[in-house]
Amino acid sequence: MTTPSVPATLFSELKSKIAARQARVAVIGLGYVGLPLTLLYSEQKFPVTGFDIDQRKVAALAKGESYIYRIPATEIQQARAQGFSATSDYSRIREMDAVIICVPTPLNEYHEPDLSFITNTAAAIAPHLRAGQLIVLESTTYPGTTEEVMVPILEKGNPGGLKAARNGASGGGEFYVAFSPEREDPGNQTVARRDIPKVVGGLDRQASELGAALYGSIFNRVVPVSSPAAAEMTKLLENIYRCVNIALVNELKLLSLRMGLDIWEVIEAASTKPFGFHPFYPGPGLGGHCIPVDPFYLSWKAKEWDFRTRFIELAGEININMPYHVLASVVGALNRQKKALNGAKVLVLGVAYKKDVDDLRESPALTIIELLQKEGAQVSYHDPYFPKVGKGRKYDLEMTCAPLTDLAQYDCVLIVTDHSDYDYQDIVKRSQLVVDTRNATRGIQSSKIVRC
Ligand SMILES: NC(=O)c1ccc[n+]([C@@H]2O[C@H](COP(=O)([O-])OP(=O)(O)OC[C@H]3O[C@@H](n4cnc5c(N)ncnc54)[C@H](O)[C@@H]3O)[C@@H](O)[C@H]2O)c1
């Protein structure tokens, strides 16, 4: 890691521009990750431009509006006053010094990585690439994506024949590449974004240094790793750790229910251990863009190495079954009241994938609603964050949020997402039967409650 691969002038030029907050930063993909990142750069007085193919987002930002619940419009307006603007015009990439890519990385219908957003973005950047630019991928993905997938597209597609700077290469005409995973925890108010350490792995020493400088301007701590693949794997380890541990408590919850034990009480007691235990909580199934999706990026890649990631598969099996457990619990609870699910009126409380967020992606509530409907239940939902639930990638529910007024009309109120705004005491009081998948009714004594 010694030979500088790009003329020192381009490298030092970009480094000084970053230090002086004059580096023009592009953020591609203005969603849950990209928009807050854009605002952080703007707050730190960097000239920042957002890129998105979604015209509605570009138009909303142009009007100073926000489309993410927890980002107030005033923050967009402040950024605009600082010079922030959004565009779909990729030719403007040429004006930028650093380009950060935050586009989606979903799974396809066969549960395999869908890298099309990354490859499309790289293909759109390539014609406008300039020597000395820094390109950073933030989208969660399997180890090797940056180097094996993104870099070849950038190298092939740029008209100047530019190459990514690698140790040992020389001669100029190069651009820098790094990977830096996003670690956002939507809804978490306890850690400020800038206090979350940022892991960065560059393709060579200079790319790492530039990446560290770029992120060091807005994050309090940067953690350098030896390569983009190490940074990619770091993110997957973090999410697989969560996925496997959630599966573990989900399985232990099922056993505890059979044994007549309260898993929540047990977790609370175990959490008092001052070392070696970190609490995870059971629930109705995994949700969100990350935990149900990311582990499968690694299990897919592992096959190339004749390797089976058994923990990931087992965790997936347990977690994917949780909505079916919820269905069985509703059937059982109604049965004890001599009622059938077929024809029963069920109100699902909370459809977001976790509490206090306006994010429906991969939400177990959607699977549960579909399962209940298939069994003939008349399902309604309430969620303060979603006046409507329309068509998603997998579901086409076309439902509107029901009022929380006449709860007694429902045969069952099913708590799927434990939003903080709900008054659970009052909900239990006004309902005939409450099935609680989140322990939201903890501390409330009532024979109407079934915890599952
Ligand atoms: N949401 C989270 O909490 C979170 C946390 C950590 C990591 N991540 C990862 O970050 C990445 C982005 O996630 P997100 O939640 O922000 O997704 P998102 O769907 O909210 O936003 C992605 C944005 O990219 C835009 N886009 C898609 N293709 C594009 C293209 N070719 N050019 C320009 N824009 C394009 C979309 O229109 C959308 O606005 C994913 O890889 C995800 O796994 C997300």
# chains A, B, ... in the order shown; residues from 1 in each chain; ligands from 1
>>> residues_near_ligand(ligand="ligand 1", cutoff="6 Å", atoms="only C-alpha atoms and all ligand atoms", output="ChimeraX atom specification")
/A:28-34,51-54,102-105,117,120-121,139-140,182-186,289-290
>>> write_last_selection(atoms="N, CA and C atoms", output="CSV table (one decimal), in the first residue's frame")
chain,number,residue,atom,x,y,z
A,28,ILE,N,-26.4,10.0,-4.4
A,28,ILE,CA,-27.4,9.4,-5.4
A,28,ILE,C,-28.3,8.4,-4.7
A,29,GLY,N,-29.6,8.7,-4.8
A,29,GLY,CA,-30.6,7.9,-4.1
A,29,GLY,C,-31.0,8.6,-2.8
A,30,LEU,N,-32.1,9.4,-3.0
A,30,LEU,CA,-32.5,10.3,-1.8
A,30,LEU,C,-33.6,9.7,-1.0
A,31,GLY,N,-33.4,8.4,-0.5
A,31,GLY,CA,-34.3,7.8,0.3
A,31,GLY,C,-34.0,7.9,1.8
A,32,TYR,N,-34.4,6.9,2.5
A,32,TYR,CA,-34.2,6.9,4.0
A,32,TYR,C,-32.7,7.1,4.4
A,33,VAL,N,-31.8,6.6,3.5
A,33,VAL,CA,-30.4,6.8,3.9
A,33,VAL,C,-29.8,8.0,3.2
A,34,GLY,N,-30.1,8.2,1.9
A,34,GLY,CA,-29.5,9.3,1.2
A,34,GLY,C,-29.9,10.7,1.6
A,51,PHE,N,-29.2,13.3,-6.2
A,51,PHE,CA,-29.6,12.7,-7.5
A,51,PHE,C,-30.6,11.6,-7.2
A,52,ASP,N,-31.8,11.7,-8.0
A,52,ASP,CA,-32.7,10.6,-7.8
A,52,ASP,C,-33.5,10.4,-9.1
A,53,ILE,N,-33.8,9.2,-9.5
A,53,ILE,CA,-34.6,9.0,-10.7
A,53,ILE,C,-36.1,9.2,-10.4
A,54,ASP,N,-36.5,9.3,-9.2
A,54,ASP,CA,-37.9,9.5,-8.8
A,54,ASP,C,-38.2,11.0,-8.9
A,102,CYS,N,-26.4,5.6,-2.6
A,102,CYS,CA,-27.3,5.1,-1.6
A,102,CYS,C,-28.6,4.5,-2.2
A,103,VAL,N,-28.4,3.7,-3.2
A,103,VAL,CA,-29.6,3.1,-3.9
A,103,VAL,C,-30.0,1.8,-3.3
A,104,PRO,N,-31.3,1.3,-3.5
A,104,PRO,CA,-31.7,0.1,-2.9
A,104,PRO,C,-31.0,-1.2,-3.3
A,105,THR,N,-31.0,-2.1,-2.4
A,105,THR,CA,-30.4,-3.5,-2.8
A,105,THR,C,-31.4,-4.5,-2.2
A,117,PHE,N,-30.1,-1.9,-9.2
A,117,PHE,CA,-30.1,-0.4,-8.9
A,117,PHE,C,-28.6,0.1,-8.9
A,120,ASN,N,-27.4,0.0,-12.6
A,120,ASN,CA,-27.9,1.1,-13.4
A,120,ASN,C,-27.3,2.4,-13.0
A,121,THR,N,-27.1,2.6,-11.7
A,121,THR,CA,-26.4,3.8,-11.2
A,121,THR,C,-25.0,3.9,-11.7
A,139,SER,N,-24.7,1.3,-0.4
A,139,SER,CA,-25.8,0.3,-0.3
A,139,SER,C,-25.3,-1.0,0.2
A,140,THR,N,-26.1,-1.6,1.1
A,140,THR,CA,-25.7,-2.9,1.7
A,140,THR,C,-25.7,-4.0,0.7
A,182,GLU,N,-23.9,2.0,5.6
A,182,GLU,CA,-24.8,2.9,6.3
A,182,GLU,C,-25.2,2.1,7.6
A,183,ARG,N,-25.3,2.9,8.7
A,183,ARG,CA,-25.7,2.2,10.0
A,183,ARG,C,-26.9,2.9,10.6
A,184,GLU,N,-27.7,3.5,9.8
A,184,GLU,CA,-28.9,4.2,10.4
A,184,GLU,C,-29.8,3.2,11.1
A,185,ASP,N,-30.4,3.7,12.3
A,185,ASP,CA,-31.4,3.0,13.0
A,185,ASP,C,-32.6,3.8,13.0
A,186,PRO,N,-33.5,3.6,12.0
A,186,PRO,CA,-34.7,4.5,12.0
A,186,PRO,C,-35.5,4.5,13.3
A,289,HIS,N,-36.0,-2.8,5.5
A,289,HIS,CA,-35.2,-3.1,4.3
A,289,HIS,C,-34.0,-4.0,4.6
A,290,CYS,N,-33.5,-4.0,5.8
A,290,CYS,CA,-32.2,-4.6,6.1
A,290,CYS,C,-32.3,-6.0,6.6
>>> select_by_dssp(residues="stretch 219-412 of chain A", states="alpha helix (DSSP H)", output="PyMOL selection string")
chain A and resi 228-259+263-270+294-303+310-335+364-374
>>> residues_around(residues="A:Asn335", least_positions_apart="6", cutoff="12 Å", atoms="only C-alpha atoms", output="short mmCIF file (atom, residue, chain, number, x, y, z; two decimals) with all heavy atoms, in the first residue's frame")
data_model
loop_
_atom_site.label_atom_id
_atom_site.label_comp_id
_atom_site.auth_asym_id
_atom_site.auth_seq_id
_atom_site.Cartn_x
_atom_site.Cartn_y
_atom_site.Cartn_z
N ALA A 328 -52.00 -18.34 13.85
CA ALA A 328 -52.48 -19.44 14.69
C ALA A 328 -52.93 -18.91 16.06
O ALA A 328 -53.91 -19.40 16.63
CB ALA A 328 -51.37 -20.48 14.86
N SER A 329 -52.24 -17.90 16.56
CA SER A 329 -52.59 -17.34 17.87
C SER A 329 -53.94 -16.63 17.82
O SER A 329 -54.74 -16.72 18.77
CB SER A 329 -51.53 -16.35 18.35
OG SER A 329 -50.28 -16.98 18.38
N LEU A 341 -62.33 -17.65 12.82
CA LEU A 341 -61.65 -16.52 12.16
C LEU A 341 -62.41 -16.14 10.89
O LEU A 341 -62.52 -14.96 10.55
CB LEU A 341 -60.19 -16.90 11.84
CG LEU A 341 -59.38 -15.85 11.10
CD1 LEU A 341 -59.29 -14.55 11.90
CD2 LEU A 341 -57.96 -16.36 10.82
N ASN A 342 -62.92 -17.16 10.21
CA ASN A 342 -63.70 -16.91 9.00
C ASN A 342 -64.90 -16.02 9.34
O ASN A 342 -65.76 -16.40 10.13
CB ASN A 342 -64.17 -18.26 8.43
CG ASN A 342 -64.68 -18.12 7.01
OD1 ASN A 342 -64.93 -17.00 6.55
ND2 ASN A 342 -64.84 -19.23 6.32
N ALA A 344 -64.71 -13.22 11.00
CA ALA A 344 -64.44 -12.37 12.17
C ALA A 344 -63.90 -11.01 11.72
O ALA A 344 -63.22 -10.90 10.70
CB ALA A 344 -63.43 -13.04 13.09
N ASP A 411 -63.94 -8.33 16.56
CA ASP A 411 -63.84 -9.56 17.35
C ASP A 411 -62.45 -9.66 17.97
O ASP A 411 -62.28 -10.29 19.01
CB ASP A 411 -64.10 -10.77 16.45
CG ASP A 411 -65.51 -10.73 15.88
OD1 ASP A 411 -66.45 -10.87 16.68
OD2 ASP A 411 -65.66 -10.51 14.65
N CYS A 412 -61.48 -9.06 17.26
CA CYS A 412 -60.11 -9.13 17.77
C CYS A 412 -59.33 -7.89 17.36
O CYS A 412 -59.41 -7.47 16.20
CB CYS A 412 -59.44 -10.39 17.19
SG CYS A 412 -57.71 -10.52 17.60
N LEU A 433 -61.29 -8.37 22.58
CA LEU A 433 -60.17 -9.32 22.67
C LEU A 433 -58.94 -8.64 22.08
O LEU A 433 -59.02 -8.03 21.01
CB LEU A 433 -60.51 -10.58 21.85
CG LEU A 433 -59.39 -11.58 21.59
CD1 LEU A 433 -58.99 -12.30 22.87
CD2 LEU A 433 -59.84 -12.62 20.54
#
>>> residues_around(residues="stretch 254-264 of chain A", least_positions_apart="6", cutoff="8 Å", atoms="only C-alpha atoms", output="VMD selection string")
chain A and resid 281 439 452
>>> write_last_selection(atoms="all heavy atoms", output="PDB file, in the first residue's frame")
ATOM      1  N   TYR A 281     -35.421  -8.979  21.107  1.00  0.00           N
ATOM      2  CA  TYR A 281     -36.810  -9.181  21.487  1.00  0.00           C
ATOM      3  C   TYR A 281     -37.586  -9.917  20.400  1.00  0.00           C
ATOM      4  O   TYR A 281     -37.382  -9.677  19.206  1.00  0.00           O
ATOM      5  CB  TYR A 281     -37.460  -7.822  21.795  1.00  0.00           C
ATOM      6  CG  TYR A 281     -36.751  -7.148  22.938  1.00  0.00           C
ATOM      7  CD1 TYR A 281     -35.786  -6.166  22.713  1.00  0.00           C
ATOM      8  CD2 TYR A 281     -37.005  -7.546  24.252  1.00  0.00           C
ATOM      9  CE1 TYR A 281     -35.100  -5.584  23.768  1.00  0.00           C
ATOM     10  CE2 TYR A 281     -36.321  -6.959  25.313  1.00  0.00           C
ATOM     11  CZ  TYR A 281     -35.362  -5.989  25.069  1.00  0.00           C
ATOM     12  OH  TYR A 281     -34.674  -5.429  26.110  1.00  0.00           O
ATOM     13  N   ASN A 439     -45.731  -7.464  23.335  1.00  0.00           N
ATOM     14  CA  ASN A 439     -45.713  -7.154  24.765  1.00  0.00           C
ATOM     15  C   ASN A 439     -45.998  -5.671  25.023  1.00  0.00           C
ATOM     16  O   ASN A 439     -45.486  -5.082  25.973  1.00  0.00           O
ATOM     17  CB  ASN A 439     -44.352  -7.522  25.384  1.00  0.00           C
ATOM     18  CG  ASN A 439     -44.458  -7.757  26.884  1.00  0.00           C
ATOM     19  OD1 ASN A 439     -45.505  -8.156  27.380  1.00  0.00           O
ATOM     20  ND2 ASN A 439     -43.386  -7.483  27.608  1.00  0.00           N
ATOM     21  N   CYS A 452     -48.777 -13.267  22.509  1.00  0.00           N
ATOM     22  CA  CYS A 452     -48.303 -14.377  21.666  1.00  0.00           C
ATOM     23  C   CYS A 452     -46.928 -14.088  21.063  1.00  0.00           C
ATOM     24  O   CYS A 452     -46.463 -12.971  21.119  1.00  0.00           O
ATOM     25  CB  CYS A 452     -49.283 -14.660  20.539  1.00  0.00           C
ATOM     26  SG  CYS A 452     -49.156 -13.533  19.151  1.00  0.00           S
TER      27      CYS A 452
END
>>> select_by_dssp(residues="stretch 193-399 of chain A", states="strand (DSSP E or B)", output="mmCIF file with C-alpha atoms, in the first residue's frame")
data_model
loop_
_atom_site.group_PDB
_atom_site.id
_atom_site.type_symbol
_atom_site.label_atom_id
_atom_site.label_comp_id
_atom_site.auth_asym_id
_atom_site.auth_seq_id
_atom_site.Cartn_x
_atom_site.Cartn_y
_atom_site.Cartn_z
ATOM 1 C CA LYS A 198 -18.482 5.171 10.045
ATOM 2 C CA VAL A 199 -16.595 2.192 8.587
ATOM 3 C CA VAL A 200 -14.712 2.916 5.340
ATOM 4 C CA GLY A 201 -12.733 0.604 3.061
ATOM 5 C CA GLY A 202 -11.005 2.024 -0.015
ATOM 6 C CA VAL A 222 -14.225 6.923 11.112
ATOM 7 C CA VAL A 223 -13.146 3.268 11.271
ATOM 8 C CA PRO A 224 -10.859 2.404 8.371
ATOM 9 C CA VAL A 225 -10.752 -1.204 7.149
ATOM 10 C CA LYS A 345 -63.682 -8.639 12.230
ATOM 11 C CA VAL A 346 -60.000 -8.088 12.999
ATOM 12 C CA LEU A 347 -58.298 -4.718 13.516
ATOM 13 C CA VAL A 348 -54.530 -4.793 12.981
ATOM 14 C CA LEU A 349 -52.899 -2.099 15.110
ATOM 15 C CA GLN A 378 -62.631 -9.006 7.582
ATOM 16 C CA VAL A 379 -59.445 -7.105 8.232
ATOM 17 C CA SER A 380 -59.050 -3.392 8.972
ATOM 18 C CA TYR A 381 -55.938 -1.615 10.155
ATOM 19 C CA HIS A 382 -54.926 1.478 12.040
ATOM 20 C CA LYS A 388 -53.456 4.326 3.218
ATOM 21 C CA VAL A 389 -51.759 1.052 2.379
ATOM 22 C CA GLY A 390 -51.663 0.601 -1.348
ATOM 23 C CA LYS A 391 -49.660 -1.480 -3.732
ATOM 24 C CA ASP A 396 -51.777 -5.061 -3.213
ATOM 25 C CA LEU A 397 -53.950 -4.431 -0.181
ATOM 26 C CA GLU A 398 -55.621 -1.108 -1.105
ATOM 27 C CA MET A 399 -56.781 -0.359 2.448
#
>>> residues_around(residues="A:Asp436", least_positions_apart="2", cutoff="8 Å", atoms="only C-alpha atoms", output="MDAnalysis selection string")
chainID A and resid 414:416 434 438:441 449:452
